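What's in input-v2.txt: compact mmCIF, C-alpha atoms
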# COMPACT_ATOMS: atom_id res chain seq x y z
CA MET A 27 0.00 0.00 0.00
CA GLU A 28 1.14 3.51 -0.83
CA TYR A 29 0.78 6.13 1.87
CA THR A 30 -2.18 7.70 0.10
CA ASP A 31 -3.94 4.30 0.17
CA TYR A 32 -4.42 4.89 3.90
CA VAL A 33 -6.60 7.92 3.14
CA ASP A 34 -10.31 7.14 2.75
CA LEU A 35 -12.46 10.23 3.27
CA LYS A 36 -15.63 8.19 2.71
CA TYR A 37 -14.87 5.90 5.64
CA ARG A 38 -17.16 6.14 8.64
CA PRO A 39 -15.53 4.96 11.88
CA GLU A 40 -16.84 1.81 13.52
CA LYS A 41 -18.00 2.03 17.14
CA ASP A 42 -14.94 0.04 18.27
CA ASP A 43 -12.41 2.19 16.42
CA LEU A 44 -9.94 4.27 18.39
CA ILE A 45 -9.94 7.80 16.96
CA CYS A 46 -6.96 10.16 16.98
CA GLU A 47 -6.89 13.78 15.94
CA PHE A 48 -3.60 15.26 14.78
CA TYR A 49 -2.32 18.61 13.63
CA VAL A 50 -0.05 17.95 10.64
CA LYS A 51 2.38 20.27 8.90
CA PRO A 52 3.29 18.33 5.74
CA SER A 53 6.60 18.34 3.90
CA LYS A 54 4.69 18.13 0.61
CA SER A 55 1.02 17.19 0.32
CA ILE A 56 -1.29 16.85 3.30
CA GLU A 57 -2.71 13.60 1.89
CA GLU A 58 0.71 11.97 1.71
CA ALA A 59 1.64 13.19 5.18
CA ALA A 60 -1.66 12.01 6.68
CA GLY A 61 -1.30 8.62 4.99
CA ALA A 62 2.26 8.31 6.26
CA VAL A 63 1.05 8.82 9.84
CA ALA A 64 -1.72 6.24 9.43
CA SER A 65 0.64 3.77 7.77
CA GLU A 66 3.49 4.02 10.29
CA SER A 67 1.13 3.89 13.26
CA SER A 68 -0.64 0.75 12.03
CA THR A 69 0.35 -1.80 9.39
CA GLY A 70 2.56 -0.05 6.84
CA THR A 71 6.19 0.67 6.07
CA TRP A 72 8.16 2.80 3.64
CA THR A 73 7.99 0.36 0.72
CA GLU A 74 5.51 -2.15 -0.64
CA VAL A 75 5.46 -5.47 1.22
CA LYS A 76 3.25 -8.41 0.28
CA ALA A 77 0.69 -9.22 2.95
CA PRO A 78 -2.61 -11.10 3.30
CA GLU A 79 -5.79 -9.16 2.51
CA ARG A 80 -6.78 -9.24 6.20
CA VAL A 81 -3.83 -6.95 7.00
CA LYS A 82 -5.31 -4.26 4.78
CA LYS A 83 -8.62 -4.54 6.61
CA ILE A 84 -7.09 -3.66 9.97
CA SER A 85 -5.04 -0.76 8.62
CA ALA A 86 -5.62 2.69 10.07
CA LYS A 87 -7.71 5.01 7.91
CA VAL A 88 -7.53 8.77 7.53
CA PHE A 89 -11.21 9.70 7.32
CA SER A 90 -11.08 13.47 7.79
CA ILE A 91 -8.77 16.19 6.49
CA LYS A 92 -9.65 19.79 7.29
CA GLY A 93 -6.77 22.12 6.58
CA ASN A 94 -3.89 20.86 8.71
CA TYR A 95 -6.13 18.84 11.02
CA ILE A 96 -6.68 15.15 10.35
CA LYS A 97 -8.55 12.34 12.05
CA ILE A 98 -7.48 8.71 11.89
CA ALA A 99 -9.53 5.64 12.82
CA TYR A 100 -7.67 2.64 14.23
CA PRO A 101 -9.40 -0.78 14.32
CA LEU A 102 -9.52 -2.33 17.78
CA GLN A 103 -7.47 -5.37 16.65
CA LEU A 104 -4.36 -3.20 16.44
CA PHE A 105 -4.12 -2.84 20.21
CA GLU A 106 -3.34 -5.08 23.14
CA PRO A 107 -6.01 -4.61 25.82
CA SER A 108 -5.02 -2.35 28.74
CA ASN A 109 -1.43 -1.93 27.49
CA VAL A 110 -0.83 1.83 27.55
CA PRO A 111 2.80 1.66 26.33
CA GLN A 112 1.72 -0.42 23.31
CA ILE A 113 -1.13 1.93 22.44
CA LEU A 114 1.15 4.95 22.60
CA SER A 115 3.94 3.19 20.72
CA SER A 116 1.42 2.90 17.90
CA VAL A 117 -0.36 6.24 17.73
CA ALA A 118 2.38 8.38 19.33
CA GLY A 119 5.58 6.54 18.43
CA ASN A 120 7.59 6.62 15.20
CA VAL A 121 5.09 8.96 13.58
CA PHE A 122 6.76 12.06 15.02
CA GLY A 123 9.94 11.38 13.07
CA MET A 124 8.50 10.77 9.59
CA LYS A 125 10.16 12.74 6.77
CA GLU A 126 6.75 13.34 5.19
CA ILE A 127 5.88 15.71 8.03
CA LYS A 128 7.54 18.87 9.29
CA ALA A 129 5.52 18.91 12.50
CA LEU A 130 2.91 16.67 14.11
CA LYS A 131 0.85 17.02 17.28
CA LEU A 132 -1.46 14.41 18.75
CA LEU A 133 -4.32 16.60 19.92
CA ASP A 134 -6.85 14.09 21.18
CA VAL A 135 -7.63 10.40 21.50
CA SER A 136 -11.17 9.02 21.73
CA PHE A 137 -11.14 5.55 23.26
CA PRO A 138 -13.91 3.08 22.36
CA LYS A 139 -15.90 1.43 25.11
CA LYS A 140 -14.09 -1.90 24.72
CA ILE A 141 -10.74 -0.27 25.51
CA VAL A 142 -12.12 1.85 28.36
CA ARG A 143 -13.61 -1.22 30.02
CA GLU A 144 -10.15 -2.81 30.23
CA PHE A 145 -9.03 -0.13 32.71
CA LYS A 146 -9.98 0.30 36.36
CA GLY A 147 -9.73 4.06 36.54
CA PRO A 148 -9.36 5.95 39.84
CA LEU A 149 -9.84 3.98 43.04
CA PHE A 150 -11.12 7.09 44.85
CA GLY A 151 -11.71 9.82 42.32
CA ILE A 152 -13.66 12.93 43.25
CA PRO A 153 -16.32 11.20 45.40
CA GLY A 154 -13.78 9.07 47.29
CA VAL A 155 -11.45 11.99 48.05
CA ARG A 156 -14.33 14.15 49.25
CA LYS A 157 -15.52 11.35 51.52
CA LEU A 158 -12.01 10.81 52.90
CA LEU A 159 -11.49 14.48 53.70
CA LYS A 160 -15.13 15.15 54.65
CA VAL A 161 -15.32 18.16 52.35
CA LYS A 162 -18.61 17.94 50.48
CA GLU A 163 -18.68 20.80 48.00
CA ARG A 164 -16.01 23.50 48.15
CA PRO A 165 -12.77 23.29 46.20
CA LEU A 166 -9.96 21.62 48.13
CA VAL A 167 -7.03 23.78 49.17
CA GLY A 168 -3.51 22.45 48.92
CA THR A 169 0.07 23.60 49.14
CA ILE A 170 3.48 22.46 47.98
CA ILE A 171 6.21 22.86 50.56
CA LYS A 172 8.58 25.66 49.59
CA PRO A 173 11.47 25.97 49.23
CA LYS A 174 11.07 22.78 47.25
CA LEU A 175 14.54 21.52 48.19
CA GLY A 176 16.87 22.20 51.09
CA LEU A 177 14.64 21.82 54.14
CA THR A 178 15.31 19.04 56.63
CA ALA A 179 12.60 16.48 57.37
CA ARG A 180 11.72 18.30 60.60
CA GLU A 181 11.61 21.73 58.94
CA HIS A 182 9.47 20.27 56.17
CA ALA A 183 7.01 18.77 58.67
CA LYS A 184 6.77 22.02 60.62
CA ARG A 185 5.94 24.00 57.48
CA ALA A 186 3.31 21.41 56.56
CA TYR A 187 1.76 21.78 60.02
CA GLN A 188 1.59 25.55 59.64
CA ALA A 189 -0.20 25.16 56.32
CA TRP A 190 -2.72 22.69 57.76
CA ILE A 191 -3.67 24.79 60.77
CA GLY A 192 -3.99 27.79 58.47
CA GLY A 193 -6.64 25.99 56.43
CA CYS A 194 -5.00 23.72 53.84
CA ASP A 195 -6.58 20.33 53.27
CA LEU A 196 -3.59 18.88 51.42
CA VAL A 197 0.16 19.32 51.74
CA LYS A 198 2.46 17.75 49.17
CA ASP A 199 6.11 17.33 48.36
CA ASP A 200 7.40 19.05 45.26
CA GLU A 201 8.24 17.04 42.17
CA ASN A 202 12.00 16.79 42.73
CA LEU A 203 11.97 15.96 46.45
CA THR A 204 12.28 12.22 47.00
CA ASN A 205 15.01 10.75 49.23
CA GLN A 206 17.88 13.21 49.34
CA LYS A 207 20.41 13.08 52.17
CA PHE A 208 19.24 16.37 53.70
CA ASN A 209 15.60 15.21 53.75
CA GLN A 210 15.26 11.44 53.70
CA PHE A 211 11.98 9.92 52.61
CA LYS A 212 11.17 7.70 55.58
CA LYS A 213 12.05 10.28 58.21
CA ARG A 214 10.07 12.94 56.36
CA VAL A 215 6.99 10.72 56.10
CA VAL A 216 7.05 9.83 59.80
CA GLU A 217 7.65 13.42 60.98
CA THR A 218 5.06 14.96 58.67
CA LEU A 219 2.32 12.42 59.34
CA LYS A 220 2.82 12.94 63.07
CA LEU A 221 2.15 16.66 62.70
CA LYS A 222 -0.76 15.96 60.34
CA GLU A 223 -2.52 14.14 63.16
CA LYS A 224 -1.79 17.06 65.49
CA ALA A 225 -3.27 19.51 62.99
CA GLU A 226 -6.38 17.36 62.65
CA ARG A 227 -6.93 17.36 66.41
CA GLU A 228 -6.49 21.11 66.62
CA THR A 229 -8.62 22.10 63.63
CA GLY A 230 -11.27 19.39 63.66
CA GLU A 231 -10.69 18.96 59.92
CA ARG A 232 -9.34 15.99 57.98
CA LYS A 233 -5.92 16.61 56.48
CA ALA A 234 -3.70 14.73 54.03
CA TYR A 235 0.02 14.56 53.27
CA LEU A 236 1.17 13.61 49.76
CA PRO A 237 4.76 12.27 49.89
CA ASN A 238 6.55 11.92 46.56
CA ILE A 239 7.26 8.23 45.97
CA THR A 240 8.69 8.66 42.45
CA ALA A 241 11.53 6.19 41.87
CA GLU A 242 12.37 2.96 40.04
CA THR A 243 9.17 0.91 40.03
CA GLU A 244 10.01 -1.59 42.79
CA GLU A 245 11.35 1.17 45.02
CA MET A 246 8.26 3.23 44.32
CA LEU A 247 6.08 0.35 45.49
CA ARG A 248 8.18 -0.06 48.65
CA ARG A 249 7.71 3.62 49.42
CA ALA A 250 3.97 3.38 48.89
CA ARG A 251 3.80 0.44 51.31
CA PHE A 252 5.81 2.42 53.87
CA VAL A 253 3.33 5.29 53.68
CA LYS A 254 0.45 2.86 54.22
CA GLU A 255 2.23 1.21 57.17
CA ASN A 256 2.52 4.63 58.80
CA ASN A 257 -1.19 5.40 58.37
CA GLY A 258 -0.76 7.69 55.38
CA THR A 259 -3.69 8.04 53.00
CA TYR A 260 -2.05 9.62 49.93
CA VAL A 261 1.01 9.38 47.72
CA MET A 262 2.13 11.39 44.72
CA VAL A 263 4.08 10.36 41.65
CA ASP A 264 5.66 12.21 38.72
CA ILE A 265 3.75 10.43 35.98
CA ILE A 266 5.75 11.49 32.91
CA THR A 267 9.20 10.74 34.29
CA ALA A 268 8.08 7.57 36.08
CA GLY A 269 6.47 6.18 32.93
CA TRP A 270 3.16 4.62 31.98
CA SER A 271 4.06 1.00 32.73
CA SER A 272 5.17 1.88 36.26
CA LEU A 273 1.90 3.73 36.80
CA GLN A 274 -0.08 0.70 35.73
CA THR A 275 1.93 -1.42 38.17
CA LEU A 276 1.36 1.10 40.97
CA ARG A 277 -2.37 1.19 40.26
CA GLU A 278 -2.54 -2.60 40.43
CA GLU A 279 -0.65 -2.64 43.75
CA ASN A 280 -3.01 0.02 45.03
CA GLU A 281 -5.90 -2.43 45.02
CA SER A 282 -4.49 -3.67 48.33
CA LEU A 283 -2.91 -0.43 49.60
CA SER A 284 -5.96 1.78 49.01
CA LEU A 285 -4.05 5.07 48.79
CA VAL A 286 -5.18 8.18 46.94
CA LEU A 287 -2.85 8.62 43.94
CA HIS A 288 -1.88 12.18 43.08
CA ALA A 289 -0.34 12.75 39.64
CA HIS A 290 2.28 15.44 39.12
CA ARG A 291 2.98 16.16 35.46
CA ALA A 292 6.64 17.21 35.66
CA GLY A 293 8.08 16.95 32.17
CA TYR A 294 4.76 17.28 30.35
CA ALA A 295 5.76 20.53 28.61
CA ALA A 296 8.49 18.73 26.68
CA LEU A 297 5.63 16.84 25.02
CA SER A 298 2.87 19.41 24.90
CA ARG A 299 4.12 23.00 24.96
CA ASN A 300 4.83 23.30 21.25
CA PRO A 301 1.39 23.98 19.73
CA ARG A 302 2.42 22.26 16.49
CA HIS A 303 4.38 19.22 17.63
CA GLY A 304 4.18 16.63 20.39
CA ILE A 305 1.33 15.31 22.52
CA SER A 306 -1.34 17.50 24.09
CA MET A 307 -1.96 17.68 27.83
CA LEU A 308 -5.49 16.55 27.03
CA VAL A 309 -4.19 13.15 25.87
CA ILE A 310 -1.96 12.83 28.93
CA ALA A 311 -4.91 13.63 31.19
CA LYS A 312 -7.17 11.04 29.60
CA ILE A 313 -4.58 8.28 29.90
CA ALA A 314 -3.82 9.16 33.53
CA ARG A 315 -7.52 8.87 34.33
CA LEU A 316 -7.90 5.54 32.53
CA ILE A 317 -4.92 4.06 34.37
CA GLY A 318 -6.39 5.17 37.66
CA LEU A 319 -4.75 8.24 39.17
CA ASP A 320 -7.16 10.10 41.44
CA GLN A 321 -6.08 13.67 40.80
CA LEU A 322 -3.93 15.41 38.21
CA HIS A 323 -2.22 18.76 37.67
CA ILE A 324 -3.99 20.35 34.71
CA GLY A 325 -2.34 23.77 34.76
CA THR A 326 -3.93 27.02 35.83
CA ILE A 327 -4.87 29.00 32.71
CA VAL A 328 -3.31 31.80 34.76
CA GLY A 329 -0.15 31.61 36.86
CA LYS A 330 3.46 30.83 35.97
CA MET A 331 3.03 27.79 33.70
CA ASP A 332 2.08 27.95 30.02
CA THR A 333 -0.93 25.68 29.43
CA PRO A 334 -3.46 26.28 26.62
CA LYS A 335 -6.83 26.16 28.38
CA ARG A 336 -8.47 24.31 25.48
CA GLU A 337 -6.30 21.26 26.11
CA VAL A 338 -7.98 20.29 29.38
CA VAL A 339 -10.79 22.70 30.12
CA ALA A 340 -14.04 21.97 28.30
CA ILE A 341 -16.20 24.94 29.21
CA ASP A 342 -15.87 27.84 26.82
CA GLN A 343 -17.99 28.01 23.69
CA GLU A 344 -15.04 28.96 21.52
CA ILE A 345 -13.18 25.71 22.24
CA GLU A 346 -13.12 23.55 19.10
CA GLU A 347 -15.50 20.61 19.52
CA SER A 348 -13.11 18.40 17.61
CA ILE A 349 -10.57 18.32 20.42
CA ILE A 350 -12.87 17.69 23.36
CA VAL A 351 -15.34 15.01 24.27
CA SER A 352 -18.81 16.53 24.01
CA ASP A 353 -20.27 16.65 27.51
CA LYS A 354 -21.90 19.07 29.94
CA ALA A 355 -19.31 18.47 32.67
CA GLY A 356 -16.95 21.25 33.69
CA HIS A 357 -13.75 19.60 32.53
CA ILE A 358 -12.51 16.47 30.82
CA LEU A 359 -11.69 14.68 34.06
CA GLU A 360 -15.30 14.92 35.26
CA GLN A 361 -17.00 13.55 32.17
CA LYS A 362 -18.93 10.32 32.40
CA TRP A 363 -16.82 7.40 31.18
CA PHE A 364 -18.84 4.27 31.92
CA HIS A 365 -17.44 2.79 35.18
CA ILE A 366 -14.42 5.17 35.35
CA LYS A 367 -14.73 7.57 38.30
CA PRO A 368 -14.23 11.31 37.81
CA MET A 369 -10.77 12.62 38.61
CA PHE A 370 -9.88 15.73 40.60
CA ALA A 371 -8.33 18.49 38.51
CA VAL A 372 -5.47 20.19 40.34
CA CYS A 373 -4.74 23.83 39.52
CA SER A 374 -1.15 24.57 40.40
CA GLY A 375 1.72 26.76 39.26
CA GLY A 376 2.29 30.37 40.32
CA LEU A 377 -1.07 30.88 42.06
CA HIS A 378 -1.95 33.35 44.80
CA PRO A 379 -5.28 34.21 46.51
CA GLY A 380 -6.15 36.75 43.81
CA HIS A 381 -6.54 33.93 41.27
CA VAL A 382 -9.20 32.09 43.28
CA PRO A 383 -12.42 33.70 41.94
CA TYR A 384 -11.36 33.22 38.33
CA LEU A 385 -10.45 29.56 38.74
CA ILE A 386 -13.67 28.67 40.55
CA LYS A 387 -15.70 30.56 37.93
CA ARG A 388 -13.97 28.79 35.04
CA LEU A 389 -13.54 25.30 36.46
CA GLY A 390 -16.20 24.90 39.13
CA LYS A 391 -15.92 23.46 42.63
CA ASN A 392 -14.50 20.04 41.81
CA ILE A 393 -10.92 21.25 41.74
CA VAL A 394 -7.90 21.33 44.01
CA LEU A 395 -6.51 24.85 44.32
CA GLN A 396 -2.83 24.34 45.03
CA PHE A 397 -0.41 27.09 46.06
CA GLY A 398 3.32 27.10 46.67
CA GLY A 399 4.85 30.55 46.91
CA GLY A 400 1.33 31.97 47.04
CA ILE A 401 1.04 30.56 50.56
CA HIS A 402 4.60 30.36 51.87
CA GLY A 403 5.48 33.78 50.45
CA HIS A 404 2.80 35.57 52.47
CA PRO A 405 4.23 38.54 54.43
CA LEU A 406 3.23 36.88 57.73
CA GLY A 407 4.37 33.40 56.77
CA THR A 408 2.87 30.03 55.89
CA GLU A 409 -0.04 29.87 58.36
CA SER A 410 -1.30 33.30 57.34
CA GLY A 411 -0.82 32.43 53.68
CA ALA A 412 -3.07 29.40 54.06
CA ARG A 413 -5.64 31.50 55.92
CA ALA A 414 -5.64 34.03 53.08
CA VAL A 415 -6.41 31.31 50.54
CA ARG A 416 -9.28 29.87 52.59
CA GLN A 417 -10.64 33.40 53.03
CA ALA A 418 -10.47 33.91 49.25
CA VAL A 419 -12.24 30.61 48.62
CA ASN A 420 -15.01 31.41 51.09
CA ALA A 421 -15.49 34.88 49.60
CA ALA A 422 -15.63 33.54 46.04
CA LEU A 423 -18.21 30.89 46.98
CA GLU A 424 -20.33 33.53 48.72
CA GLY A 425 -20.08 35.92 45.77
CA ILE A 426 -18.20 38.54 47.77
CA PRO A 427 -15.51 40.50 45.88
CA LEU A 428 -12.09 39.88 47.36
CA GLU A 429 -11.58 43.61 47.86
CA GLU A 430 -14.61 43.65 50.15
CA ALA A 431 -13.65 40.48 52.04
CA ALA A 432 -10.13 41.85 52.59
CA LYS A 433 -11.48 44.81 54.56
CA LYS A 434 -12.29 42.47 57.44
CA GLN A 435 -9.57 39.83 56.98
CA LYS A 436 -5.98 40.96 57.41
CA GLU A 437 -4.39 37.83 55.95
CA LEU A 438 -6.27 38.25 52.67
CA LYS A 439 -5.64 42.00 52.69
CA LEU A 440 -1.86 41.53 52.99
CA ALA A 441 -1.85 38.84 50.28
CA LEU A 442 -3.69 41.08 47.83
CA GLU A 443 -1.37 43.96 48.60
CA ARG A 444 1.64 41.78 47.90
CA TRP A 445 0.49 40.16 44.67
CA LYS A 446 -1.64 43.06 43.49
CA LYS A 447 -3.88 41.65 40.76
CA ILE A 448 -7.29 40.02 41.31
CA TYR A 449 -8.74 37.81 38.56
CA TYR A 450 -12.46 37.59 37.92
Would you write out, as structure tokens, the structure that this file holds?
Amino acid sequence: MEYTDYVDLKYRPEKDDLICEFYVKPSKSIEEAAGAVASESSTGTWTEVKAPERVKKISAKVFSIKGNYIKIAYPLQLFEPSNVPQILSSVAGNVFGMKEIKALKLLDVSFPKKIVREFKGPLFGIPGVRKLLKVKERPLVGTIIKPKLGLTAREHAKRAYQAWIGGCDLVKDDENLTNQKFNQFKKRVVETLKLKEKAERETGERKAYLPNITAETEEMLRRARFVKENNGTYVMVDIITAGWSSLQTLREENESLSLVLHAHRAGYAALSRNPRHGISMLVIAKIARLIGLDQLHIGTIVGKMDTPKREVVAIDQEIEESIIVSDKAGHILEQKWFHIKPMFAVCSGGLHPGHVPYLIKRLGKNIVLQFGGGIHGHPLGTESGARAVRQAVNAALEGIPLEEAAKKQKELKLALERWKKIYY
């Protein structure tokens, strides 16, 4: 088959087809480039090879070309059930290096029911996390310990305690803190969980600590077991750098551990930041949910990280329908996927209390609002920073402008004075 033989604009996808949407910048013709992607990601190669007729029947088919945007249907037989690395090796593997294309971005993947049913999805998801923390409706408030590296285990635990008594529900390690000599994993877990229990007694609220277990797979599982043995309820993992196969192993082990799995996306921008090449954050989010992480960093729309809102947020009318799953839910991670539970979206990256009204307005209440410097950088310190965030959340939920709320709440007032801008 020639590359253009993989293009069939009259084809109508079967219900069991996996559908991918790509942006393609061709070297020559868009038809040849699109066919090259379909060929390389399914049954073809660079030259004609004799094969049985049945091979042609399971070849991928380009069924839509609109400008530089193409859609490809992949028959179910091409994929091994529940094998994320194999699926991505097909649709997001060699295709990025083809000479027929100058740039290629995998924008979206629509999984058929038969593939979705092979995955377990989140063990807790939004309803399980809310039940665990006894927070029924409001957004959850979290912080990342700052500075991200350099604190001792005891200093780390103390800062976590200050955040909890100030009003944070969640406290997590940063993505590059694991088991360094100055802050060893086991000591940090023990010290921080001890102060978590103290904060719970003093505030009457449930709290959670999210230690970073990212490591070689077997070591990662040992760390998860250690957290469970010490009465922890959460762990976090850097999903891109750890890898999809290790995440599937962790999710399987979690059937017995029953820990909430928090997904940090460190490294995602290497795949998704270029708007014309790579893999979108939307695809990463969908796969993380299928595998079974309970909550995931999605970006902030605002803040310090560059994340196109259309890649994860499915609210605004101007978002192209072709790159989102049509649904009334606030964001992709909440949409109804058969037995797969909804997943908490975590907004994180350069946030301060002034961002709170905007994020709740755009993303709803089923989000984790997560602050690093926006809490620890408060003029009065960590505890006051956490109080300022909770004050901002309460004001936003009550429909009170932050400027008005700040007149009676000094922590919020000082935060707004420091970071100036309020987003509505």
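With distances taken over all atoms listed in the file, A:Ile265 is the one residue among A:Leu395, A:Leu308, A:Ile265, A:Val286 lying closest to Ala241 in chain A.
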Fill in: Test item: residues at most 8 Å from range 36-49 of chain A, all atoms listed in the file, excluding those fewer than 2 positions along its chain, as a VMD selection string
chain A and resid 34 51 87 89 94 to 102 117 129 to 140 302 to 303 348 to 349
Worksheet item: Between A:Asn238, A:Thr259, A:Asn420, A:Ser53, which one has atoms that come closest to Lys128 in chain A, using all atoms listed in the file?
Response: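 Closest to Lys128 in chain A, using all atoms listed in the file: A:Ser53.
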Worksheet item: Which value, in Å to one decimal, gives the distance between CA of Thr73 in chain A and CA of Glu57 in chain A?
Response: 17.1 Å
Worksheet item: By how many Å are CA of Gly398 in chain A and CA of Ile170 in chain A apart?
Response: 4.8 Å
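Candidate residues A:Ser68, A:Asn280, A:Ser410, A:Asn392 were compared for distance to Lys162 in chain A, and the nearest is A:Asn392, using all atoms listed in the file.
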Item to complete: State, in Å with one decimal place, the distance from CA of Leu104 in chain A to CA of Ser85 in chain A.
Response: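 Rounded to one decimal, the two atoms are 8.2 Å apart.
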Worksheet item: For Gln103 in chain A, which of A:Lys83, A:Val88, A:Ala225, A:Gln274 is the closest residue, counting only C-alpha atoms?
Response: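 Checking each candidate against Gln103 in chain A, we get A:Lys83 as the closest.
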Fill in: Which of A:Ala64, A:Ala183, A:Leu158, A:Ile426 sits closest to Val216 in chain A [using all atoms listed in the file]
A:Ala183
